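Structure data (mmCIF, C-alpha atoms) from coords.cif:
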data_run
#
loop_
_atom_site.label_atom_id
_atom_site.label_comp_id
_atom_site.auth_asym_id
_atom_site.auth_seq_id
_atom_site.Cartn_x
_atom_site.Cartn_y
_atom_site.Cartn_z
CA MET C 1 4.09 18.01 -10.74
CA GLY C 2 2.12 15.55 -12.87
CA LEU C 3 -1.45 16.03 -13.99
CA THR C 4 -4.53 14.07 -13.00
CA LEU C 5 -6.08 11.57 -15.39
CA GLN C 6 -9.00 13.94 -15.68
CA ALA C 7 -6.81 16.91 -16.59
CA ARG C 8 -5.07 14.81 -19.24
CA ARG C 9 -8.44 13.55 -20.51
CA SER C 10 -7.16 10.00 -20.11
CA PRO C 11 -9.71 7.27 -20.92
CA LEU C 12 -8.93 5.86 -17.46
CA ALA C 13 -10.48 8.94 -15.87
CA ASP C 14 -13.72 7.12 -16.60
CA ALA C 15 -14.42 4.46 -13.95
CA LYS C 16 -16.24 2.35 -16.54
CA GLN C 17 -13.03 2.01 -18.54
CA GLN C 18 -11.21 0.84 -15.43
CA LEU C 19 -13.90 -1.70 -14.62
CA GLU C 20 -13.78 -3.06 -18.16
CA LEU C 21 -10.03 -3.60 -17.88
CA LEU C 22 -10.40 -5.22 -14.46
CA ALA C 23 -13.15 -7.54 -15.67
CA ALA C 24 -10.82 -9.34 -18.13
CA ASN C 25 -9.24 -12.12 -16.09
CA LYS C 26 -6.98 -14.00 -18.51
CA GLY C 27 -7.19 -17.30 -16.67
CA ARG C 28 -7.40 -15.91 -13.16
CA PRO C 29 -10.54 -16.78 -11.22
CA PRO C 30 -12.83 -13.78 -10.71
CA PHE C 31 -12.56 -12.41 -7.19
CA SER C 32 -16.13 -13.43 -6.42
CA VAL C 33 -15.28 -17.05 -7.27
CA LYS C 34 -12.18 -16.96 -5.10
CA MET C 35 -14.28 -15.66 -2.21
CA ALA C 36 -16.85 -18.40 -2.74
CA GLN C 37 -14.06 -21.00 -2.66
CA ALA C 38 -12.93 -19.49 0.65
CA GLY C 39 -16.47 -19.75 2.03
CA LEU C 40 -16.82 -15.95 2.11
CA ALA C 41 -19.54 -15.39 -0.47
CA PRO C 42 -21.62 -13.38 -0.28
CA LEU C 43 -19.39 -11.07 1.71
CA ARG C 44 -21.34 -9.28 4.41
CA ALA C 45 -20.60 -6.43 6.78
CA THR C 46 -20.15 -7.30 10.43
CA GLY C 47 -21.15 -3.85 11.70
CA ILE C 48 -19.88 -0.31 11.27
CA THR C 49 -17.04 0.83 13.47
CA VAL C 50 -15.45 3.26 11.00
CA PHE C 51 -17.37 6.14 9.42
CA GLN C 52 -15.05 7.20 6.62
CA ILE C 53 -15.75 10.55 5.01
CA ASN C 54 -14.04 11.44 1.76
CA VAL C 55 -14.41 15.19 1.65
CA GLY C 56 -13.20 15.62 -1.92
CA LYS C 57 -10.54 15.19 -4.55
CA LEU C 58 -8.65 18.44 -4.19
CA CYS C 59 -5.01 17.84 -3.27
CA ASN C 60 -1.78 19.83 -3.37
CA GLN C 61 0.03 16.75 -4.72
CA THR C 62 -0.47 14.52 -7.75
CA CYS C 63 1.03 11.21 -6.66
CA HIS C 64 1.61 8.65 -9.39
CA HIS C 65 -0.23 5.88 -7.56
CA CYS C 66 -3.26 7.86 -6.32
CA HIS C 67 -6.44 5.78 -6.36
CA VAL C 68 -8.54 8.95 -6.11
CA ASP C 69 -7.01 10.73 -9.12
CA ALA C 70 -6.73 13.66 -6.75
CA GLY C 71 -4.86 16.84 -7.61
CA PRO C 72 -4.86 20.63 -7.58
CA ASP C 73 -7.27 20.78 -10.52
CA ARG C 74 -10.03 18.70 -8.93
CA GLN C 75 -13.12 20.66 -7.95
CA GLU C 76 -15.17 17.98 -6.16
CA GLN C 77 -15.61 19.12 -2.56
CA MET C 78 -18.05 18.15 0.17
CA THR C 79 -20.35 21.08 0.92
CA ARG C 80 -21.32 22.28 4.37
CA ALA C 81 -24.85 20.91 3.84
CA THR C 82 -23.51 17.39 3.16
CA ALA C 83 -21.04 17.67 6.03
CA GLU C 84 -23.93 18.60 8.32
CA LEU C 85 -25.88 15.56 7.11
CA CYS C 86 -22.85 13.38 7.94
CA ILE C 87 -22.68 14.75 11.47
CA GLN C 88 -26.45 14.45 12.00
CA ARG C 89 -26.39 10.81 10.93
CA LEU C 90 -23.24 10.07 12.90
CA ALA C 91 -24.84 11.51 16.03
CA GLU C 92 -27.65 8.94 15.72
CA THR C 93 -25.13 6.10 16.00
CA ASP C 94 -22.44 4.94 18.37
CA ILE C 95 -19.86 4.44 15.58
CA PRO C 96 -16.61 5.12 17.45
CA THR C 97 -14.28 6.28 14.67
CA VAL C 98 -14.53 9.03 12.06
CA ASP C 99 -11.89 8.67 9.36
CA ILE C 100 -11.52 11.78 7.21
CA THR C 101 -9.80 11.40 3.87
CA GLY C 102 -9.52 13.00 0.42
CA GLY C 103 -7.62 14.32 -1.63
CA ALA C 104 -5.95 16.37 1.01
CA PRO C 105 -8.94 16.56 3.37
CA GLU C 106 -7.54 19.56 5.24
CA LEU C 107 -8.04 21.71 2.13
CA ASN C 108 -11.81 21.32 2.34
CA PRO C 109 -13.21 24.45 4.06
CA ASN C 110 -15.44 22.19 6.17
CA PHE C 111 -12.65 19.93 7.43
CA ARG C 112 -12.10 21.70 10.72
CA TRP C 113 -15.84 21.92 11.36
CA LEU C 114 -16.16 18.16 10.77
CA VAL C 115 -13.30 17.53 13.20
CA GLU C 116 -14.77 19.78 15.89
CA GLN C 117 -18.25 18.27 15.56
CA SER C 118 -17.00 14.68 15.54
CA ARG C 119 -14.80 15.28 18.56
CA GLY C 120 -17.74 17.02 20.22
CA LEU C 121 -19.66 13.78 19.81
CA GLY C 122 -16.82 12.00 21.56
CA ARG C 123 -15.60 10.12 18.51
CA ARG C 124 -12.05 9.23 17.68
CA VAL C 125 -11.06 11.24 14.59
CA ILE C 126 -8.46 10.25 12.01
CA ASP C 127 -6.95 12.68 9.52
CA ARG C 128 -5.37 10.98 6.50
CA CYS C 129 -2.66 13.51 5.87
CA ASN C 130 -0.23 13.81 2.95
CA LEU C 131 2.19 15.71 5.26
CA THR C 132 3.17 18.44 2.76
CA VAL C 133 -0.19 20.12 3.33
CA LEU C 134 1.08 21.06 6.80
CA LEU C 135 3.64 23.37 5.19
CA LEU C 136 1.26 25.30 2.95
CA PRO C 137 1.00 28.99 3.87
CA SER C 138 -2.76 28.58 4.37
CA GLN C 139 -2.23 25.69 6.81
CA GLN C 140 0.35 27.06 9.22
CA GLU C 141 -2.04 26.50 12.16
CA LEU C 142 -3.06 23.01 11.07
CA ALA C 143 -0.68 21.03 13.28
CA ALA C 144 -1.76 23.03 16.34
CA PHE C 145 -5.42 22.51 15.44
CA LEU C 146 -4.98 18.75 15.05
CA ALA C 147 -3.09 18.52 18.33
CA HIS C 148 -5.65 20.64 20.18
CA HIS C 149 -8.45 18.32 19.09
CA GLN C 150 -6.34 15.20 19.63
CA VAL C 151 -6.89 14.08 16.06
CA GLU C 152 -5.04 10.91 15.13
CA VAL C 153 -2.80 11.58 12.13
CA ILE C 154 -2.20 8.86 9.55
CA ALA C 155 0.50 10.20 7.29
CA SER C 156 1.71 8.93 3.95
CA LEU C 157 5.41 8.22 3.61
CA PRO C 158 6.13 5.41 1.16
CA TYR C 159 9.81 5.07 2.02
CA PHE C 160 12.46 6.51 4.29
CA ARG C 161 14.58 7.68 1.36
CA LEU C 162 14.21 10.58 -1.01
CA ALA C 163 14.51 8.79 -4.35
CA GLN C 164 11.70 6.32 -3.76
CA THR C 165 9.38 8.83 -2.08
CA ASP C 166 9.80 11.50 -4.75
CA ALA C 167 9.43 8.90 -7.51
CA GLN C 168 5.95 8.14 -6.22
CA ARG C 169 4.78 11.44 -4.78
CA GLY C 170 6.60 14.10 -6.79
CA ASP C 171 9.85 16.06 -6.68
CA GLY C 172 10.59 17.66 -3.34
CA VAL C 173 7.90 15.77 -1.44
CA PHE C 174 10.33 13.76 0.68
CA ASP C 175 12.11 16.78 2.12
CA LYS C 176 8.82 18.51 2.86
CA SER C 177 7.41 15.33 4.41
CA ILE C 178 10.39 15.11 6.75
CA ARG C 179 9.94 18.74 7.81
CA ALA C 180 6.23 18.11 8.37
CA LEU C 181 6.94 15.03 10.49
CA GLN C 182 9.43 17.02 12.55
CA ARG C 183 6.76 19.68 13.05
CA LEU C 184 4.25 17.04 14.19
CA ASN C 185 6.84 15.61 16.57
CA ALA C 186 7.40 19.12 17.96
CA PHE C 187 3.70 19.26 18.82
CA GLY C 188 4.03 15.92 20.60
CA TYR C 189 2.72 13.73 17.81
CA GLY C 190 4.31 10.28 17.88
CA VAL C 191 6.07 11.13 21.13
CA GLU C 192 5.67 8.61 23.91
CA GLY C 193 3.32 9.75 26.66
CA SER C 194 1.79 12.64 24.69
CA GLY C 195 -1.39 10.82 23.74
CA LEU C 196 -1.06 12.26 20.24
CA ILE C 197 -0.98 9.46 17.71
CA LEU C 198 1.11 9.66 14.56
CA ASN C 199 0.92 6.60 12.34
CA LEU C 200 2.68 6.29 9.00
CA VAL C 201 1.54 4.59 5.83
CA TYR C 202 3.95 2.63 3.66
CA ASN C 203 2.87 1.61 0.21
CA PRO C 204 5.12 0.03 -2.40
CA VAL C 205 6.83 2.30 -4.91
CA GLY C 206 6.01 0.02 -7.81
CA ALA C 207 4.24 -3.14 -8.91
CA PHE C 208 5.01 -5.34 -5.94
CA LEU C 209 3.49 -6.27 -2.59
CA PRO C 210 4.38 -4.56 0.69
CA PRO C 211 6.76 -6.20 3.17
CA LYS C 212 5.57 -7.67 6.45
CA GLN C 213 4.28 -4.74 8.45
CA GLU C 214 6.32 -5.30 11.60
CA ALA C 215 9.55 -5.78 9.61
CA ILE C 216 9.26 -2.56 7.59
CA GLU C 217 8.01 -0.67 10.64
CA ALA C 218 11.25 -1.57 12.43
CA GLN C 219 13.26 -0.36 9.43
CA PHE C 220 11.34 2.94 9.28
CA ARG C 221 11.70 3.46 13.02
CA ARG C 222 15.45 2.94 12.88
CA GLU C 223 16.07 4.98 9.71
CA LEU C 224 13.82 7.94 10.57
CA ALA C 225 15.21 8.16 14.10
CA THR C 226 18.83 7.89 13.01
CA ARG C 227 18.71 10.19 10.02
CA TYR C 228 16.10 12.77 11.05
CA GLY C 229 15.31 12.29 14.75
CA ILE C 230 11.68 11.45 13.88
CA THR C 231 9.49 9.19 16.03
CA PHE C 232 6.06 7.73 15.29
CA ASN C 233 3.63 5.24 16.79
CA HIS C 234 2.95 2.61 14.14
CA LEU C 235 3.46 2.03 10.46
CA TYR C 236 0.70 0.59 8.29
CA THR C 237 1.43 -1.24 5.06
CA ILE C 238 -1.09 -0.70 2.29
CA THR C 239 -1.11 -2.52 -1.03
CA ASN C 240 -1.50 -0.40 -4.15
CA MET C 241 -4.93 -0.99 -5.65
CA PRO C 242 -5.01 -1.64 -9.39
CA ILE C 243 -7.26 1.34 -10.11
CA SER C 244 -6.98 4.93 -11.28
CA ARG C 245 -3.46 6.34 -11.62
CA PHE C 246 -1.79 3.17 -10.33
CA LEU C 247 -3.74 1.23 -12.95
CA GLU C 248 -2.43 3.66 -15.54
CA PHE C 249 1.13 3.00 -14.32
CA LEU C 250 0.55 -0.76 -14.49
CA MET C 251 -0.72 -0.54 -18.06
CA ALA C 252 1.96 1.87 -19.28
CA SER C 253 4.82 -0.12 -17.72
CA GLY C 254 3.59 -3.52 -18.94
CA ASN C 255 3.10 -4.68 -15.36
CA TYR C 256 -0.68 -5.04 -15.29
CA GLU C 257 -1.01 -8.78 -15.94
CA GLY C 258 1.94 -9.66 -13.73
CA TYR C 259 0.62 -7.55 -10.87
CA MET C 260 -2.89 -8.96 -11.05
CA GLU C 261 -1.41 -12.46 -11.18
CA ARG C 262 0.69 -11.65 -8.13
CA LEU C 263 -2.34 -10.36 -6.22
CA ALA C 264 -4.47 -13.36 -7.16
CA THR C 265 -1.73 -15.89 -6.39
CA ALA C 266 -1.17 -14.28 -2.99
CA PHE C 267 -4.91 -14.41 -2.11
CA ASN C 268 -5.11 -15.04 1.62
CA PRO C 269 -8.46 -16.30 2.97
CA GLY C 270 -7.53 -15.03 6.44
CA ALA C 271 -7.02 -11.53 5.07
CA ALA C 272 -10.20 -11.82 3.01
CA ALA C 273 -12.21 -12.59 6.14
CA GLY C 274 -10.96 -9.39 7.80
CA VAL C 275 -11.26 -6.86 4.96
CA MET C 276 -12.08 -3.32 6.06
CA CYS C 277 -15.33 -3.03 4.08
CA ARG C 278 -16.87 -5.39 6.62
CA TYR C 279 -16.64 -2.74 9.34
CA THR C 280 -16.39 0.52 7.36
CA LEU C 281 -18.94 2.77 5.73
CA SER C 282 -17.52 5.16 3.15
CA VAL C 283 -19.23 8.47 2.40
CA GLY C 284 -18.37 10.31 -0.80
CA TRP C 285 -17.99 14.08 -1.22
CA ASP C 286 -21.57 14.30 -2.52
CA GLY C 287 -23.01 12.11 0.25
CA THR C 288 -23.17 8.88 -1.74
CA LEU C 289 -22.52 5.75 0.34
CA TYR C 290 -19.96 3.09 -0.57
CA ASP C 291 -18.50 -0.07 0.93
CA CYS C 292 -14.99 1.43 0.75
CA ASP C 293 -12.97 4.30 -0.68
CA PHE C 294 -11.86 2.12 -3.61
CA ASN C 295 -15.42 1.27 -4.65
CA GLN C 296 -16.09 4.99 -4.31
CA MET C 297 -13.43 5.80 -6.89
CA LEU C 298 -14.84 3.15 -9.22
CA ASP C 299 -18.33 4.67 -8.94
CA LEU C 300 -19.67 1.53 -7.26
CA PRO C 301 -22.09 2.70 -4.57
CA LEU C 302 -23.69 0.35 -2.06
CA GLY C 303 -25.54 -2.41 -3.87
CA PHE C 304 -28.22 -4.93 -3.10
CA GLU C 305 -30.93 -2.35 -2.35
CA ALA C 306 -29.01 -0.69 0.49
CA PRO C 307 -29.59 3.05 0.94
CA ARG C 308 -27.24 4.96 -1.31
CA HIS C 309 -27.07 8.42 0.21
CA ILE C 310 -26.20 9.74 3.63
CA ARG C 311 -29.63 11.36 3.88
CA ASP C 312 -31.14 7.84 3.79
CA PHE C 313 -28.56 6.38 6.19
CA ASN C 314 -30.03 3.55 8.17
CA PRO C 315 -27.58 1.67 10.42
CA SER C 316 -29.81 -1.34 10.90
CA GLN C 317 -29.94 -1.87 7.13
CA LEU C 318 -26.22 -1.33 6.72
CA HIS C 319 -24.73 -3.33 9.57
CA THR C 320 -25.08 -6.66 7.80
CA ARG C 321 -25.33 -5.39 4.23
CA GLN C 322 -23.97 -7.43 1.37
CA ILE C 323 -20.77 -5.92 0.05
CA LEU C 324 -20.14 -5.25 -3.61
CA VAL C 325 -16.89 -6.90 -4.72
CA GLY C 326 -14.86 -6.92 -7.93
CA ASN C 327 -11.46 -7.98 -9.19
CA HIS C 328 -9.84 -4.85 -7.73
CA CYS C 329 -10.61 -6.37 -4.30
CA TYR C 330 -7.68 -8.75 -4.84
CA GLY C 331 -5.61 -5.76 -3.69
CA CYS C 332 -7.01 -6.04 -0.16
CA THR C 333 -6.65 -9.81 0.19
CA ALA C 334 -3.09 -10.46 -1.01
CA GLY C 335 -0.41 -11.59 1.40
CA GLY C 336 -0.94 -10.11 4.84
CA GLY C 337 -3.95 -8.24 3.50
CA SER C 338 -4.40 -4.50 3.22
CA SER C 339 -6.75 -1.98 4.75
CA CYS C 340 -6.82 1.67 5.77
CA GLY C 341 -5.43 0.35 9.06
CA GLY C 342 -2.63 -1.57 7.40
CA ALA C 343 -2.11 -5.32 7.18
CA VAL C 344 -5.12 -7.45 8.13
CA THR C 345 -3.41 -10.58 9.44
CA MET F 1 10.55 -13.81 -28.88
CA ASP F 2 11.65 -17.40 -28.30
CA THR F 3 14.48 -17.75 -25.80
CA TYR F 4 15.96 -20.66 -23.88
CA TYR F 5 14.79 -19.19 -20.57
CA GLN F 6 11.12 -18.15 -20.60
CA PRO F 7 10.19 -15.92 -17.62
CA HIS F 8 6.80 -17.61 -17.29
CA ASP F 9 8.51 -21.00 -16.90
CA LEU F 10 9.30 -20.08 -13.31
CA GLY F 11 5.62 -20.71 -12.62
CA LYS F 12 6.18 -24.33 -13.68
CA PHE F 13 8.85 -24.94 -11.05
CA ALA F 14 6.52 -27.16 -9.03
CA ASP F 15 6.17 -29.46 -12.04
CA ILE F 16 9.56 -30.89 -11.03
CA GLY F 17 7.60 -32.64 -8.29
CA LYS F 18 5.79 -34.71 -10.91
CA GLY F 19 8.99 -36.68 -11.48
CA ASN F 20 9.58 -37.40 -7.79
CA LYS F 21 7.11 -35.94 -5.30
CA GLU F 22 8.96 -37.06 -2.20
CA LEU F 23 12.21 -35.35 -3.13
CA TRP F 24 10.34 -32.22 -4.25
CA ASP F 25 8.44 -32.07 -0.96
CA LYS F 26 11.66 -32.45 0.99
CA PHE F 27 13.34 -29.74 -1.06
CA LEU F 28 10.39 -27.39 -0.62
CA SER F 29 10.25 -28.00 3.11
CA TYR F 30 13.98 -27.34 3.42
CA TYR F 31 13.75 -24.27 1.15
CA SER F 32 10.94 -22.77 3.20
CA ALA F 33 12.82 -23.35 6.43
CA VAL F 34 15.97 -21.75 5.02
CA PHE F 35 14.18 -18.52 4.09
CA ALA F 36 12.13 -18.24 7.27
CA GLU F 37 13.06 -15.58 9.84
CA GLY F 38 15.90 -16.88 11.99
CA ALA F 39 19.21 -15.45 13.15
CA LEU F 40 18.97 -13.48 9.91
CA THR F 41 15.86 -11.59 8.87
CA GLU F 42 13.86 -12.57 5.81
CA ARG F 43 15.02 -9.31 4.24
CA GLU F 44 18.69 -10.13 4.81
CA LYS F 45 18.23 -13.62 3.43
CA ALA F 46 16.56 -12.26 0.30
CA LEU F 47 19.54 -9.95 -0.27
CA ILE F 48 21.94 -12.89 0.11
CA ALA F 49 19.79 -14.89 -2.32
CA LEU F 50 19.93 -12.02 -4.80
CA GLY F 51 23.72 -11.96 -4.62
CA VAL F 52 23.95 -15.72 -5.03
CA ALA F 53 21.45 -15.58 -7.93
CA HIS F 54 23.88 -13.31 -9.75
CA ALA F 55 26.85 -15.47 -8.85
CA VAL F 56 25.18 -18.58 -10.29
CA GLN F 57 23.57 -16.42 -13.02
CA CYS F 58 20.13 -18.00 -12.68
CA PRO F 59 17.62 -15.78 -14.53
CA TYR F 60 14.67 -17.25 -12.63
CA CYS F 61 16.35 -16.55 -9.31
CA ILE F 62 17.21 -13.00 -10.38
CA ASP F 63 13.56 -12.36 -11.32
CA ALA F 64 12.25 -13.93 -8.14
CA TYR F 65 14.69 -12.34 -5.71
CA SER F 66 14.67 -8.88 -7.26
CA ARG F 67 10.94 -8.84 -6.54
CA ALA F 68 11.41 -10.56 -3.17
CA CYS F 69 13.96 -7.96 -2.06
CA LEU F 70 11.54 -5.13 -2.90
CA GLU F 71 8.72 -6.97 -1.13
CA LYS F 72 10.91 -7.34 1.96
CA GLY F 73 11.54 -3.59 2.04
CA SER F 74 14.99 -3.38 0.46
CA ASN F 75 15.91 -0.64 -1.98
CA ILE F 76 17.92 -0.46 -5.19
CA GLU F 77 21.03 0.78 -3.37
CA GLU F 78 21.07 -2.26 -1.06
CA MET F 79 20.31 -4.62 -3.91
CA THR F 80 23.09 -3.15 -6.04
CA GLU F 81 25.54 -3.65 -3.18
CA ALA F 82 24.42 -7.29 -2.90
CA VAL F 83 25.18 -7.77 -6.61
CA HIS F 84 28.59 -6.12 -6.10
CA VAL F 85 29.31 -8.58 -3.30
CA ALA F 86 28.61 -11.43 -5.74
CA CYS F 87 30.79 -9.73 -8.34
CA ALA F 88 33.63 -9.18 -5.87
CA ILE F 89 33.60 -12.81 -4.76
CA ARG F 90 33.46 -14.10 -8.32
CA GLY F 91 36.17 -11.70 -9.44
CA GLY F 92 38.19 -12.38 -6.33
CA ALA F 93 37.89 -16.11 -6.90
CA SER F 94 39.51 -15.65 -10.31
CA LEU F 95 42.13 -13.27 -9.07
CA VAL F 96 43.16 -15.33 -6.07
CA HIS F 97 44.05 -18.14 -8.50
CA GLY F 98 46.76 -15.79 -9.60
CA VAL F 99 48.60 -17.27 -6.61
CA GLN F 100 48.54 -20.66 -8.38
CA MET F 101 49.72 -18.95 -11.54
CA ARG F 102 52.59 -17.38 -9.64
CA ASN F 103 53.45 -20.72 -8.00
CA VAL F 104 53.71 -22.33 -11.45
CA VAL F 105 55.72 -19.45 -12.86
CA GLU F 106 58.09 -19.47 -9.89
CA LYS F 107 58.64 -23.19 -10.23
CA LEU F 108 59.32 -23.02 -13.95
CA SER F 109 61.42 -19.90 -13.98
CA MET F 110 65.11 -19.46 -13.30
#

I'd like the structure from this file rewritten - as structure tokens, please.
Amino acid sequence: MGLTLQARRSPLADAKQQLELLAANKGRPPFSVKMAQAGLAPLRATGITVFQINVGKLCNQTCHHCHVDAGPDRQEQMTRATAELCIQRLAETDIPTVDITGGAPELNPNFRWLVEQSRGLGRRVIDRCNLTVLLLPSQQELAAFLAHHQVEVIASLPYFRLAQTDAQRGDGVFDKSIRALQRLNAFGYGVEGSGLILNLVYNPVGAFLPPKQEAIEAQFRRELATRYGITFNHLYTITNMPISRFLEFLMASGNYEGYMERLATAFNPGAAAGVMCRYTLSVGWDGTLYDCDFNQMLDLPLGFEAPRHIRDFNPSQLHTRQILVGNHCYGCTAGGGSSCGGAVT
Amino acid sequence: MDTYYQPHDLGKFADIGKGNKELWDKFLSYYSAVFAEGALTEREKALIALGVAHAVQCPYCIDAYSRACLEKGSNIEEMTEAVHVACAIRGGASLVHGVQMRNVVEKLSM
């Protein structure tokens, strides 16, 4: 298993270093200019329908493309007090969806409490699951817990073959992911008529854009059913963001300029109009508020005088807030677009 | 390093239109239609294009369609098989002319 940027004391562990790299455009228009040309500046939220909680950076994997720089060595974890603040603030709203992410969010001791409370408020709950966590000795009851609370599982599987999956996520991850998917299927997840939703996430294993979502979904459906008897509901394509460990890969492999050029050339105004930050509020492990999980990892909290902590959460101020953008945002607007819910267009 | 084919020159492809816009536009329109989803998927067409790129040994096409194949969801195993198809046809095209060679030899020999 690889090490996190932080454990290796890489300069890129510092968000400021990443932002400096991203600021150099080499002939490409800055993202803000591109948005202005598309008539989308300043970018504003259109409401909040997704309350995304990142409960911390602890993970049992160290994937090469991770935008969180998550891993087993990371200590940042949302405390019970902050989790309680999240639930208190959520209860004051009618935001329909709670999207819990990490790291491996299930490893946070408050994960199950957050799920129970959110479900108790009648909200749809999403667990962004790396799959292998389901096989850990400490998590043997996890699949049953998720099924009992009808949590929607969004599971990472970058490809339906071992070589590509392990290249991105670490040796042995593919086989474990398949076993975890089979376990979820056994609980009814992804099985027609069960009401238990299992969606997969594809992201490219390298410096290229994802395929059309419906085309690769059909491939996954055929391959996973034929080879492993696995079924699922939908597959979401997500573009790799040029930050954190994927940024390190881009720099080390000499792909950075080409990738940024590819993202900028593929800028799609239709995708830009539908980016997820317009309807998402992202809460960090320490309660800080962000426009999205990517801004969170770049230490870019809400700007333009918006409240910056969950304790100061004020929906009326946030519903039409101005969103902080940067050149990394090209990752969400290329081609069919990219969001936590897959392609935008 | 200076080479006859510069990878970044692919980005200048549209400059061909400066010499004759009408023909360029017609080519582009045709090209787009060819690669659109039809009886074959875009992914299948990209794999065919990759094979043909190797057969005609166009470095720009190899760059473009290696990336395109990945972006259509193909993997290295499928792409390698596409290149082998090109190789087999090229090799077969040489070898099948052995029939002509044999015809000549048979005619000339006692």

inquiry  = Please find the residues of chain C near chain F - the criterion being any atom within 6 Å, counting only C-alpha atoms - and write them as number ranges by chain.
reply    = C: 209-211

task = Spell out the residues picked by the PyMOL selection byres ((chain F and resi 86) around 7) here, as a ChimeraX atom specification.
result = /F:51-52,54-55,82-85,87-90

Output file for the selection above: C-alpha atoms, as an mmCIF file, in the frame of the given file:
data_model
loop_
_atom_site.group_PDB
_atom_site.id
_atom_site.type_symbol
_atom_site.label_atom_id
_atom_site.label_comp_id
_atom_site.auth_asym_id
_atom_site.auth_seq_id
_atom_site.Cartn_x
_atom_site.Cartn_y
_atom_site.Cartn_z
ATOM 1 C CA GLY F 51 23.720 -11.960 -4.620
ATOM 2 C CA VAL F 52 23.950 -15.720 -5.030
ATOM 3 C CA HIS F 54 23.880 -13.310 -9.750
ATOM 4 C CA ALA F 55 26.850 -15.470 -8.850
ATOM 5 C CA ALA F 82 24.420 -7.290 -2.900
ATOM 6 C CA VAL F 83 25.180 -7.770 -6.610
ATOM 7 C CA HIS F 84 28.590 -6.120 -6.100
ATOM 8 C CA VAL F 85 29.310 -8.580 -3.300
ATOM 9 C CA CYS F 87 30.790 -9.730 -8.340
ATOM 10 C CA ALA F 88 33.630 -9.180 -5.870
ATOM 11 C CA ILE F 89 33.600 -12.810 -4.760
ATOM 12 C CA ARG F 90 33.460 -14.100 -8.320
#

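Of the listed residues (C:His328, C:Arg227, C:Arg161, C:His64), C:Arg227 comes nearest to Gln182 in chain C; the distances count all atoms listed in the file.
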
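Between CA of Glu141 in chain C and CA of Arg128 in chain C there is a distance of 16.9 Å.
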
inquiry  = Going by the chain IDs and residue numbers used in this file, which residues fall under the PyMOL selection byres ((chain C and resi 306-316) around 12)? Write them as a PyMOL selection string.
reply    = chain C and resi 45-49+51-53+81-95+279-291+296+299-305+317-324

May I have the residues within 10 Å of Gln164 in chain C as a PDB file with C-alpha atoms, in the frame of the given file, using all atoms listed in the file and disregarding those fewer than 6 positions away in the same chain?
ATOM      1  CA  LEU C 157       5.410   8.220   3.610  1.00  0.00           C
ATOM      2  CA  PRO C 158       6.130   5.410   1.160  1.00  0.00           C
ATOM      3  CA  GLY C 170       6.600  14.100  -6.790  1.00  0.00           C
ATOM      4  CA  PHE C 174      10.330  13.760   0.680  1.00  0.00           C
ATOM      5  CA  PRO C 204       5.120   0.030  -2.400  1.00  0.00           C
ATOM      6  CA  VAL C 205       6.830   2.300  -4.910  1.00  0.00           C
ATOM      7  CA  GLY C 206       6.010   0.020  -7.810  1.00  0.00           C
TER       8      GLY C 206
ATOM      9  CA  ASN F  75      15.910  -0.640  -1.980  1.00  0.00           C
ATOM     10  CA  ILE F  76      17.920  -0.460  -5.190  1.00  0.00           C
TER      11      ILE F  76
END

Box centre and edge lengths (Å, one decimal), axis-aligned, range 94-104 of chain F plus 6 Å each side, as AutoDock Vina command-line options:
--center_x 46.6 --center_y -17.8 --center_z -8.8 --size_x 26.2 --size_y 21.1 --size_z 17.5

Spatial neighbours of Leu200 in chain C, 6 Å, all atoms listed in the file, chain gap at least 5 places, as a VMD selection string = chain C and resid 154 to 156 235

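Contact shell of Ile197 in chain C at 6 Å (all atoms listed in the file; same-chain neighbours under 2 positions omitted): C:Glu152, C:Tyr189, C:Gly190.
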
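Nearest residue to Ile48 in chain F among F:Tyr65, F:Tyr31, F:Tyr60, F:Phe13 is F:Tyr65, counting all atoms listed in the file.
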
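Distances here use only C-alpha atoms; by that measure, the residue among F:Leu47, F:Ala14, F:Leu95, F:Val104 closest to Phe27 in chain F is F:Ala14.
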
request  = Starting from the displayed file, determine the output of the PyMOL selection byres ((chain C and resi 17-27) around 9) and express the residue list as a ChimeraX atom specification.
outcome  = /C:11-16,28-30,242-244,247,257,260,298,326-328

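Put simply, CA of Thr79 in chain C is 7.3 Å away from CA of Asn110 in chain C.
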
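Picture a line from CA of Glu217 in chain C to CA of Ala343 in chain C; it runs 11.7 Å.
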
Excluding same-chain residues fewer than 4 positions from Glu116 in chain C, what lies within 10 Å of it counting all atoms listed in the file, as an mmCIF file with C-alpha atoms, in the coordinates of the input?
data_model
loop_
_atom_site.group_PDB
_atom_site.id
_atom_site.type_symbol
_atom_site.label_atom_id
_atom_site.label_comp_id
_atom_site.auth_asym_id
_atom_site.auth_seq_id
_atom_site.Cartn_x
_atom_site.Cartn_y
_atom_site.Cartn_z
ATOM 1 C CA PHE C 111 -12.650 19.930 7.430
ATOM 2 C CA ARG C 112 -12.100 21.700 10.720
ATOM 3 C CA GLY C 120 -17.740 17.020 20.220
ATOM 4 C CA LEU C 121 -19.660 13.780 19.810
ATOM 5 C CA GLY C 122 -16.820 12.000 21.560
ATOM 6 C CA VAL C 125 -11.060 11.240 14.590
ATOM 7 C CA PHE C 145 -5.420 22.510 15.440
ATOM 8 C CA LEU C 146 -4.980 18.750 15.050
ATOM 9 C CA HIS C 149 -8.450 18.320 19.090
ATOM 10 C CA VAL C 151 -6.890 14.080 16.060
#
